[in-house]
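What follows is the content of run-v4.cif, which has mmCIF, C-alpha atoms:
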```cif
data_target
loop_
_atom_site.label_atom_id
_atom_site.label_comp_id
_atom_site.auth_asym_id
_atom_site.auth_seq_id
_atom_site.Cartn_x
_atom_site.Cartn_y
_atom_site.Cartn_z
CA MET A 1 18.47 20.98 -8.20
CA ILE A 2 20.99 20.30 -10.97
CA SER A 3 19.75 21.62 -14.32
CA THR A 4 19.13 19.21 -17.18
CA THR A 5 18.48 19.60 -20.87
CA SER A 6 14.98 18.85 -22.11
CA LEU A 7 13.93 15.72 -23.98
CA PRO A 8 11.86 15.86 -27.19
CA THR A 9 8.33 14.56 -26.72
CA SER A 10 8.83 12.00 -29.49
CA SER A 11 11.86 10.64 -27.64
CA ALA A 12 9.85 10.44 -24.42
CA HIS A 13 7.23 8.34 -26.24
CA ILE A 14 9.96 6.03 -27.54
CA PHE A 15 11.50 5.61 -24.11
CA ALA A 16 8.11 4.95 -22.50
CA ALA A 17 7.22 2.38 -25.15
CA PHE A 18 10.56 0.69 -24.62
CA PHE A 19 10.04 0.51 -20.84
CA VAL A 20 6.63 -1.14 -21.29
CA THR A 21 7.87 -3.52 -24.00
CA CYS A 22 10.92 -4.45 -21.98
CA TYR A 23 8.89 -5.25 -18.86
CA VAL A 24 6.02 -7.15 -20.47
CA GLY A 25 8.17 -8.68 -23.20
CA SER A 26 10.60 -10.14 -20.67
CA ILE A 27 8.08 -12.80 -19.67
CA TYR A 28 7.75 -13.91 -23.29
CA VAL A 29 11.41 -13.79 -24.26
CA SER A 30 12.30 -16.25 -21.51
CA LYS A 31 11.22 -19.80 -22.34
CA ASN A 32 10.82 -20.67 -18.66
CA ALA A 33 8.54 -17.68 -18.08
CA ARG A 34 6.26 -18.26 -21.08
CA LEU A 35 2.91 -19.96 -20.69
CA SER A 36 2.01 -23.05 -22.65
CA PHE A 37 -1.50 -24.29 -23.42
CA SER A 38 -2.99 -27.19 -25.30
CA LYS A 39 -5.24 -26.40 -28.26
CA THR A 40 -8.10 -28.47 -26.89
CA LYS A 41 -11.45 -26.73 -26.79
CA ALA A 42 -13.69 -27.24 -23.78
CA TYR A 43 -17.28 -26.08 -23.52
CA LEU A 44 -17.72 -25.31 -19.85
CA ASP A 45 -20.30 -23.56 -17.74
CA TYR A 46 -19.55 -19.84 -17.73
CA GLY A 47 -17.14 -18.94 -14.95
CA TYR A 48 -15.40 -22.31 -14.66
CA ALA A 49 -11.82 -22.94 -15.73
CA ARG A 50 -10.95 -26.26 -17.32
CA PRO A 51 -8.58 -28.75 -15.63
CA LYS A 52 -4.90 -28.18 -16.31
CA GLU A 53 -3.31 -30.75 -18.63
CA LEU A 54 -0.02 -32.47 -17.89
CA ASN A 55 2.34 -30.63 -20.26
CA GLU A 56 0.83 -27.17 -19.89
CA ARG A 57 2.45 -24.22 -18.14
CA TRP A 58 0.01 -21.95 -16.35
CA ARG A 59 0.54 -18.57 -14.73
CA ASP A 60 0.48 -19.87 -11.15
CA ASP A 61 2.83 -22.81 -11.72
CA PRO A 62 5.75 -22.47 -9.25
CA ASP A 63 8.46 -22.70 -11.93
CA VAL A 64 6.67 -20.11 -14.08
CA ILE A 65 6.39 -17.72 -11.12
CA ARG A 66 10.08 -18.15 -10.25
CA ALA A 67 11.15 -17.49 -13.82
CA ARG A 68 8.92 -14.42 -14.10
CA LEU A 69 10.17 -12.97 -10.83
CA VAL A 70 13.70 -13.16 -12.21
CA VAL A 71 13.02 -11.76 -15.68
CA VAL A 72 10.86 -8.81 -14.57
CA SER A 73 13.47 -7.92 -11.96
CA MET A 74 16.14 -7.95 -14.67
CA ALA A 75 13.91 -5.88 -16.97
CA THR A 76 13.39 -3.36 -14.17
CA LEU A 77 17.15 -3.04 -13.62
CA LEU A 78 17.61 -2.55 -17.36
CA CYS A 79 15.03 0.27 -17.38
CA CYS A 80 16.78 1.95 -14.44
CA ALA A 81 20.12 1.60 -16.23
CA LEU A 82 18.61 3.25 -19.29
CA VAL A 83 17.37 6.16 -17.14
CA PHE A 84 20.89 6.45 -15.71
CA GLY A 85 22.28 6.60 -19.24
CA LEU A 86 19.70 9.23 -20.13
CA MET A 87 20.66 11.29 -17.08
CA THR A 88 24.28 11.06 -18.09
CA ALA A 89 23.33 12.61 -21.43
CA VAL A 90 20.98 15.34 -20.17
CA SER A 91 23.17 16.45 -17.26
CA GLY A 92 25.50 18.19 -19.70
CA ASN A 93 28.62 16.31 -18.60
CA GLU A 94 28.83 12.71 -19.74
CA ASN A 95 31.91 12.11 -17.60
CA ASP A 96 30.23 13.21 -14.38
CA GLN A 97 28.89 9.84 -13.22
CA PRO A 98 28.16 10.89 -9.60
CA THR A 99 25.88 13.68 -10.84
CA ALA A 100 24.09 11.29 -13.20
CA LEU A 101 23.62 8.82 -10.34
CA LEU A 102 22.23 11.56 -8.11
CA LEU A 103 19.83 12.67 -10.85
CA THR A 104 18.72 9.09 -11.46
CA SER A 105 18.04 8.51 -7.78
CA THR A 106 16.14 11.79 -7.46
CA TYR A 107 14.03 11.44 -10.60
CA LEU A 108 13.17 7.81 -9.85
CA GLY A 109 12.00 8.82 -6.39
CA PHE A 110 14.42 6.70 -4.38
CA THR A 111 13.69 8.80 -1.31
CA LEU A 112 11.53 8.41 1.76
CA THR A 113 8.60 10.56 2.77
CA ASN A 114 6.62 11.05 5.97
CA ILE A 115 3.92 8.62 7.05
CA LEU A 116 0.84 10.62 6.02
CA PRO A 117 0.92 9.90 2.23
CA HIS A 118 1.04 6.18 3.04
CA LEU A 119 -2.20 6.44 5.04
CA VAL A 120 -4.31 7.92 2.23
CA THR A 121 -5.09 4.53 0.64
CA PRO A 122 -6.22 2.90 3.92
CA VAL A 123 -8.62 5.82 4.39
CA LEU A 124 -10.22 5.01 1.03
CA PHE A 125 -10.57 1.38 2.14
CA LEU A 126 -12.31 2.25 5.39
CA GLY A 127 -15.40 0.28 4.32
CA PRO A 128 -13.56 -2.98 3.47
CA LEU A 129 -11.40 -2.58 6.59
CA TYR A 130 -14.54 -2.27 8.71
CA GLY A 131 -15.88 -5.41 7.03
CA HIS A 132 -12.72 -7.28 8.03
CA PHE A 133 -13.02 -5.86 11.53
CA LEU A 134 -16.54 -7.24 11.87
CA LEU A 135 -15.29 -10.68 10.80
CA GLY A 136 -12.32 -10.51 13.14
CA THR A 137 -9.80 -10.90 10.33
CA LEU A 138 -7.72 -7.74 10.81
CA PRO A 139 -4.17 -8.27 12.12
CA PHE A 140 -4.11 -9.59 15.70
CA GLN A 141 -7.88 -10.13 15.83
CA ARG A 142 -9.36 -13.47 16.82
CA ASN A 143 -9.60 -14.94 13.28
CA TRP A 144 -6.20 -13.69 12.12
CA SER A 145 -3.10 -15.88 12.19
CA PHE A 146 0.44 -14.56 11.89
CA GLN A 147 1.58 -17.77 10.24
CA ASP A 148 -1.31 -18.13 7.79
CA ASN A 149 -2.17 -14.50 7.10
CA ALA A 150 1.29 -12.95 7.19
CA VAL A 151 4.17 -15.39 6.71
CA SER A 152 2.46 -17.87 4.38
CA LEU A 153 0.62 -15.16 2.48
CA LEU A 154 3.56 -12.86 1.87
CA PHE A 155 6.34 -15.35 1.42
CA SER A 156 4.66 -17.96 -0.72
CA LEU A 157 5.59 -17.70 -4.40
CA THR A 158 2.25 -16.19 -5.35
CA GLY A 159 2.46 -13.85 -2.37
CA MET A 160 5.94 -12.67 -3.29
CA ARG A 161 4.73 -12.08 -6.85
CA ASN A 162 1.47 -10.31 -5.99
CA TYR A 163 2.43 -8.36 -2.89
CA ILE A 164 6.18 -7.70 -3.12
CA VAL A 165 7.90 -8.08 -6.50
CA ALA A 166 5.06 -6.96 -8.80
CA PRO A 167 4.22 -3.76 -6.86
CA ILE A 168 7.88 -2.75 -6.56
CA THR A 169 8.96 -3.51 -10.13
CA GLU A 170 5.77 -2.19 -11.75
CA GLU A 171 5.95 1.10 -9.87
CA ILE A 172 9.63 1.54 -10.74
CA VAL A 173 8.99 0.95 -14.45
CA PHE A 174 5.47 2.28 -15.07
CA ARG A 175 5.60 5.18 -12.63
CA ALA A 176 9.19 6.25 -11.98
CA CYS A 177 10.83 5.49 -15.34
CA VAL A 178 7.89 6.50 -17.52
CA LEU A 179 7.14 9.72 -15.62
CA THR A 180 10.83 10.63 -15.58
CA VAL A 181 11.06 10.78 -19.37
CA TYR A 182 7.79 12.68 -19.69
CA HIS A 183 8.90 15.16 -17.06
CA LEU A 184 12.12 15.71 -19.00
CA ALA A 185 9.93 16.34 -22.05
CA HIS A 186 8.03 19.00 -20.04
CA ALA A 187 4.72 17.15 -20.23
CA SER A 188 2.01 18.75 -18.12
CA ARG A 189 1.05 17.18 -14.80
CA MET A 190 -2.44 16.47 -16.13
CA ARG A 191 -1.03 14.50 -19.04
CA MET A 192 1.38 12.60 -16.82
CA ILE A 193 -1.40 11.71 -14.39
CA PHE A 194 -4.13 10.79 -16.87
CA LEU A 195 -2.32 9.62 -20.02
CA SER A 196 0.83 7.77 -18.93
CA PRO A 197 -1.14 5.25 -16.78
CA LEU A 198 -2.89 4.03 -19.93
CA LEU A 199 0.39 2.27 -20.67
CA PHE A 200 0.05 0.53 -17.30
CA GLY A 201 -3.48 -0.54 -18.16
CA ALA A 202 -2.48 -1.74 -21.63
CA ALA A 203 0.38 -3.76 -20.13
CA HIS A 204 -2.20 -5.99 -18.42
CA MET A 205 -4.14 -6.79 -21.59
CA HIS A 206 -1.95 -9.79 -22.42
CA HIS A 207 -3.78 -11.65 -19.64
CA ALA A 208 -6.65 -12.08 -22.11
CA TRP A 209 -4.72 -14.89 -23.84
CA ASP A 210 -4.26 -16.67 -20.52
CA THR A 211 -7.97 -16.36 -19.70
CA TYR A 212 -9.06 -17.52 -23.15
CA ASN A 213 -6.99 -20.70 -22.90
CA ARG A 214 -7.74 -21.56 -19.28
CA TYR A 215 -11.48 -21.24 -19.85
CA GLY A 216 -11.64 -23.58 -22.80
CA ARG A 217 -10.87 -21.63 -26.02
CA SER A 218 -14.63 -21.40 -26.65
CA PRO A 219 -16.95 -18.47 -27.45
CA ALA A 220 -17.72 -18.29 -23.73
CA ALA A 221 -13.98 -18.09 -23.05
CA VAL A 222 -13.66 -15.23 -25.53
CA LYS A 223 -16.48 -13.40 -23.78
CA ARG A 224 -14.88 -13.91 -20.40
CA ALA A 225 -11.48 -12.79 -21.69
CA VAL A 226 -12.92 -9.63 -23.25
CA ILE A 227 -14.97 -8.70 -20.19
CA GLY A 228 -12.16 -9.51 -17.76
CA THR A 229 -9.54 -7.66 -19.76
CA THR A 230 -11.76 -4.61 -20.21
CA PHE A 231 -12.39 -4.47 -16.48
CA GLN A 232 -8.71 -4.96 -15.69
CA PHE A 233 -7.64 -2.30 -18.18
CA THR A 234 -10.11 0.17 -16.65
CA TYR A 235 -9.25 -0.68 -13.04
CA THR A 236 -5.46 -0.62 -13.56
CA SER A 237 -5.66 2.63 -15.54
CA VAL A 238 -7.69 4.35 -12.81
CA PHE A 239 -5.33 2.94 -10.21
CA GLY A 240 -2.47 4.25 -12.34
CA PHE A 241 -3.98 7.75 -12.25
CA TYR A 242 -3.89 7.58 -8.47
CA CYS A 243 -0.36 6.20 -8.20
CA SER A 244 0.94 8.75 -10.71
CA TYR A 245 -0.59 11.50 -8.60
CA LEU A 246 1.06 10.08 -5.47
CA PHE A 247 4.44 9.87 -7.18
CA LEU A 248 4.31 13.37 -8.64
CA ARG A 249 2.88 14.90 -5.48
CA THR A 250 5.42 13.37 -3.09
CA GLY A 251 8.41 12.84 -5.38
CA SER A 252 8.89 9.51 -3.62
CA LEU A 253 8.44 6.06 -5.13
CA SER A 254 7.74 4.57 -1.71
CA THR A 255 4.23 6.05 -1.63
CA PRO A 256 2.81 4.41 -4.79
CA ILE A 257 4.60 1.17 -3.89
CA THR A 258 2.88 0.92 -0.50
CA ALA A 259 -0.44 1.90 -2.10
CA HIS A 260 0.06 -0.83 -4.73
CA MET A 261 0.91 -3.45 -2.11
CA PHE A 262 -2.05 -2.48 0.05
CA CYS A 263 -4.54 -2.55 -2.84
CA ASN A 264 -3.26 -5.92 -4.04
CA MET A 265 -3.76 -7.32 -0.55
CA MET A 266 -7.23 -5.86 -0.13
CA GLY A 267 -8.51 -6.56 -3.65
CA VAL A 268 -11.42 -4.75 -5.28
CA PRO A 269 -13.87 -3.45 -2.63
CA GLN A 270 -17.04 -5.56 -2.44
CA PRO A 271 -19.67 -3.84 -0.30
CA GLY A 272 -22.27 -6.44 -1.27
CA TYR A 273 -20.07 -9.23 0.06
CA ASP A 274 -19.36 -7.37 3.30
CA ILE A 275 -23.06 -6.75 3.86
CA GLY A 276 -23.82 -10.38 3.04
CA GLN A 277 -21.39 -11.50 5.73
CA ARG A 278 -22.88 -9.22 8.37
CA PRO A 279 -26.41 -8.14 7.31
CA ASP A 280 -27.06 -6.99 10.87
CA ARG A 281 -24.48 -4.23 10.32
CA LYS A 282 -25.66 -3.18 6.86
CA LEU A 283 -26.15 0.50 7.68
CA ALA A 284 -22.82 0.74 9.51
CA ILE A 285 -21.00 -0.87 6.57
CA ILE A 286 -22.62 1.53 4.08
CA ILE A 287 -21.66 4.49 6.28
CA ALA A 288 -18.08 3.20 6.54
CA TYR A 289 -17.81 2.95 2.75
CA PHE A 290 -19.08 6.50 2.25
CA LEU A 291 -16.87 7.84 5.05
CA GLY A 292 -13.91 6.22 3.31
CA ILE A 293 -14.74 7.91 0.00
CA PHE A 294 -15.34 11.35 1.53
CA GLY A 295 -12.33 10.99 3.82
CA PHE A 296 -10.14 10.06 0.87
CA VAL A 297 -11.22 13.13 -1.10
CA PHE A 298 -10.50 15.30 1.94
CA VAL A 299 -7.06 13.94 2.91
CA LEU A 300 -5.65 13.27 -0.58
CA PRO A 301 -4.39 16.80 -1.35
CA ARG A 302 -3.57 17.54 2.28
CA TRP A 303 -1.68 14.42 3.34
CA THR A 304 0.27 14.06 0.09
CA TYR A 305 1.71 17.58 0.11
CA THR A 306 5.49 17.26 0.21
CA GLU A 307 7.64 20.35 0.32
CA GLY A 308 10.38 20.31 -2.30
CA SER A 309 8.88 17.58 -4.51
CA LEU A 310 10.76 17.58 -7.80
CA TYR A 311 7.60 16.98 -9.83
CA TRP A 312 5.20 19.33 -8.01
CA THR A 313 6.82 22.74 -8.14
#
```

Please express what this file holds, its structure, as structure tokens.
Amino acid sequence: MISTTSLPTSSAHIFAAFFVTCYVGSIYVSKNARLSFSKTKAYLDYGYARPKELNERWRDDPDVIRARLVVVSMATLLCCALVFGLMTAVSGNENDQPTALLLTSTYLGFTLTNILPHLVTPVLFLGPLYGHFLLGTLPFQRNWSFQDNAVSLLFSLTGMRNYIVAPITEEIVFRACVLTVYHLAHASRMRMIFLSPLLFGAAHMHHAWDTYNRYGRSPAAVKRAVIGTTFQFTYTSVFGFYCSYLFLRTGSLSTPITAHMFCNMMGVPQPGYDIGQRPDRKLAIIIAYFLGIFGFVFVLPRWTYTEGSLYWT
């Protein structure tokens, strides 16, 4: 591996903050990507969103989604370009562009890995997958449709946002770019795994404003926004711990991207819902959930081992 000069920790913090600000800020800099709400208060039953007014712009509006897909993609390219510029500086030869490009590609994990690391996440979701199996909704089962559950789901605007563009761009910025600068600053693996993902969790907190407005700008809306944002911050931070581990362990960005896509498709596991759908299989569902957890703990260090990983040496 080509040697590089180290980066001061303070500089790593600045770079990481810039990456997060660039990504999240892009959707507010662009007028077409910004949300717009009326200032009308609505006192609704808890859990119900108010009707959308004519001149408002909500998160799932098609033109808002299109604009956001463009701006976050541009922000991601900008972050990668900044990493390339950083590699040009730390490589020791600012005129050696091929070396800087090679370093950028290597540090950002633009490499492939074997299939095993990609199967770790499905093992964890053994319980939910068994629930889908019982309902016949797994791919190619009786209640699954290629058109409805694959084409329409993945290639609708919301599908492209949730299952393709968001996982790819978020992992490039919040995993590859952020962990690159902290690795150059010689941060410990523990810090990179358990501290850097807090930026990922914090980057989702702006959704509180969206929730507050959609649910009526009332005290109940504040409560929902606080609870929802706290849960999302916790869930995304924990998920970030996992994806950071995958990235550092394998040295490949493809592994956290597929994990991110898979988790977005599956959603948060709901054993109570699965049991409610098939109460006659309650014990089997519980066993499947526990097998998934124990299986995940067992295969995680074994299936993610990648010889020659830049970050795990």

> Looking at A:Val83, A:Thr76, A:Arg68, A:Gly25, which one is nearest to Leu184 in chain A, with distances taken over all atoms listed in the file?
Replying inline: A:Val83

Excluding Tyr215 in chain A and any residue of its chain fewer than 2 positions from it, enumerate the residues within 12 Å of it, using all atoms listed in the file, and give them as a PDB file with C-alpha atoms, in the frame of the given file.
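Saved file out_30.pdb follows:
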```pdb
ATOM      1  CA  PHE A  37      -1.500 -24.290 -23.420  1.00  0.00           C
ATOM      2  CA  SER A  38      -2.990 -27.190 -25.300  1.00  0.00           C
ATOM      3  CA  LYS A  39      -5.240 -26.400 -28.260  1.00  0.00           C
ATOM      4  CA  THR A  40      -8.100 -28.470 -26.890  1.00  0.00           C
ATOM      5  CA  LYS A  41     -11.450 -26.730 -26.790  1.00  0.00           C
ATOM      6  CA  ALA A  42     -13.690 -27.240 -23.780  1.00  0.00           C
ATOM      7  CA  TYR A  43     -17.280 -26.080 -23.520  1.00  0.00           C
ATOM      8  CA  LEU A  44     -17.720 -25.310 -19.850  1.00  0.00           C
ATOM      9  CA  ASP A  45     -20.300 -23.560 -17.740  1.00  0.00           C
ATOM     10  CA  TYR A  46     -19.550 -19.840 -17.730  1.00  0.00           C
ATOM     11  CA  GLY A  47     -17.140 -18.940 -14.950  1.00  0.00           C
ATOM     12  CA  TYR A  48     -15.400 -22.310 -14.660  1.00  0.00           C
ATOM     13  CA  ALA A  49     -11.820 -22.940 -15.730  1.00  0.00           C
ATOM     14  CA  ARG A  50     -10.950 -26.260 -17.320  1.00  0.00           C
ATOM     15  CA  PRO A  51      -8.580 -28.750 -15.630  1.00  0.00           C
ATOM     16  CA  LYS A  52      -4.900 -28.180 -16.310  1.00  0.00           C
ATOM     17  CA  ALA A 208      -6.650 -12.080 -22.110  1.00  0.00           C
ATOM     18  CA  TRP A 209      -4.720 -14.890 -23.840  1.00  0.00           C
ATOM     19  CA  ASP A 210      -4.260 -16.670 -20.520  1.00  0.00           C
ATOM     20  CA  THR A 211      -7.970 -16.360 -19.700  1.00  0.00           C
ATOM     21  CA  TYR A 212      -9.060 -17.520 -23.150  1.00  0.00           C
ATOM     22  CA  ASN A 213      -6.990 -20.700 -22.900  1.00  0.00           C
ATOM     23  CA  ARG A 217     -10.870 -21.630 -26.020  1.00  0.00           C
ATOM     24  CA  SER A 218     -14.630 -21.400 -26.650  1.00  0.00           C
ATOM     25  CA  PRO A 219     -16.950 -18.470 -27.450  1.00  0.00           C
ATOM     26  CA  ALA A 220     -17.720 -18.290 -23.730  1.00  0.00           C
ATOM     27  CA  ALA A 221     -13.980 -18.090 -23.050  1.00  0.00           C
ATOM     28  CA  VAL A 222     -13.660 -15.230 -25.530  1.00  0.00           C
ATOM     29  CA  LYS A 223     -16.480 -13.400 -23.780  1.00  0.00           C
ATOM     30  CA  ARG A 224     -14.880 -13.910 -20.400  1.00  0.00           C
ATOM     31  CA  ALA A 225     -11.480 -12.790 -21.690  1.00  0.00           C
ATOM     32  CA  GLY A 228     -12.160  -9.510 -17.760  1.00  0.00           C
TER      33      GLY A 228
END
```

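Ranking A:Thr236, A:Asn264, A:Leu112, A:Val181 by their shortest atom-to-atom distance to Phe200 in chain A, with only C-alpha atoms included, puts A:Thr236 first.
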
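This file, filtered with the PyMOL selection byres ((chain A and resi 253) around 10), gives the residues Thr106, Tyr107, Leu108, Gly109, Phe110, Thr111, Leu112, Thr113, Ile168, Glu171, Ile172, Arg175, Ala176, Cys243, Ser244, Leu246, Phe247, Leu248, Thr250, Gly251, Ser252, Ser254, Thr255, Pro256, Ile257 and Thr258 of chain A.
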
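Residues within 12 Å of Leu82 in chain A, counting all atoms listed in the file and excluding same-chain residues fewer than 4 positions away, are Phe15, Ala16, Phe18, Phe19, Cys22, Ala75, Thr76, Leu77, Leu78, Leu86, Met87, Thr88, Ala89, Ala100, Leu101, Thr104, Leu108, Val173, Cys177, Val178, Thr180 and Val181 of chain A.
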
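Non-sequential neighbours of range 26-35 of chain A (distance at most 9 Å, separation of 2 or more positions within a chain, only C-alpha atoms) are A:Thr21, A:Cys22, A:Tyr23, A:Val24, A:Phe37, A:Glu56, A:Arg57, A:Trp58, A:Arg59, A:Asp63, A:Val64, A:Ile65, A:Arg66, A:Ala67, A:Arg68, A:Leu69, A:Val71, A:Val72, A:Met74, A:Ala75, A:Asp210.
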
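Here the question is which of A:Phe233, A:Phe174, A:Tyr273, A:Tyr242 gets nearest to Ala259 in chain A using all atoms listed in the file, and that residue is A:Tyr242.
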
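What separates CA of Pro62 in chain A from CA of Trp144 in chain A is a distance of 26.0 Å.
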
> Could you name the residues that touch Pro271 in chain A at 8 Å or less, counting all atoms listed in the file, but leaving out those on the same chain fewer than 6 positions away, as a PyMOL selection string?
Replying inline: chain A and resi 127-128+285-286+289

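This file, filtered with the PyMOL selection byres ((chain A and resi 190-198) around 7), gives the residues Leu179, Ala187, Ser188, Arg189, Leu199, Phe200, Gly201, Ala202, Ser237, Gly240, Phe241, Ser244 and Tyr245 of chain A.
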
> For Val165 in chain A, which residue among A:His183, A:Gly295, A:Val70, A:Gly216 is the nearest when counting only C-alpha atoms?
Replying inline: A:Val70

>> Report, in Å with one decimal, the straight-line distance from CA of Met265 in chain A to CA of Pro167 in chain A.
In response: 10.8 Å

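Computed from the coordinates, the CA of Thr306 in chain A to CA of Arg249 in chain A distance equals 6.7 Å.
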
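Candidate residues A:Val226, A:Tyr163, A:Pro8, A:Leu124 were compared for distance to His207 in chain A, and the nearest is A:Val226, using all atoms listed in the file.
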
> Taking into account only C-alpha atoms, which residue in the set A:Thr313, A:Leu135, A:His260, A:Arg278 is nearest to His118 in chain A?
Replying inline: A:His260

>> Which residues are close to Asp280 in chain A, i.e. within 12 Å by only C-alpha atoms, leaving aside same-chain residues fewer than 6 positions away? Reply as number ranges by chain.
In response: A: 131, 134, 274, 286
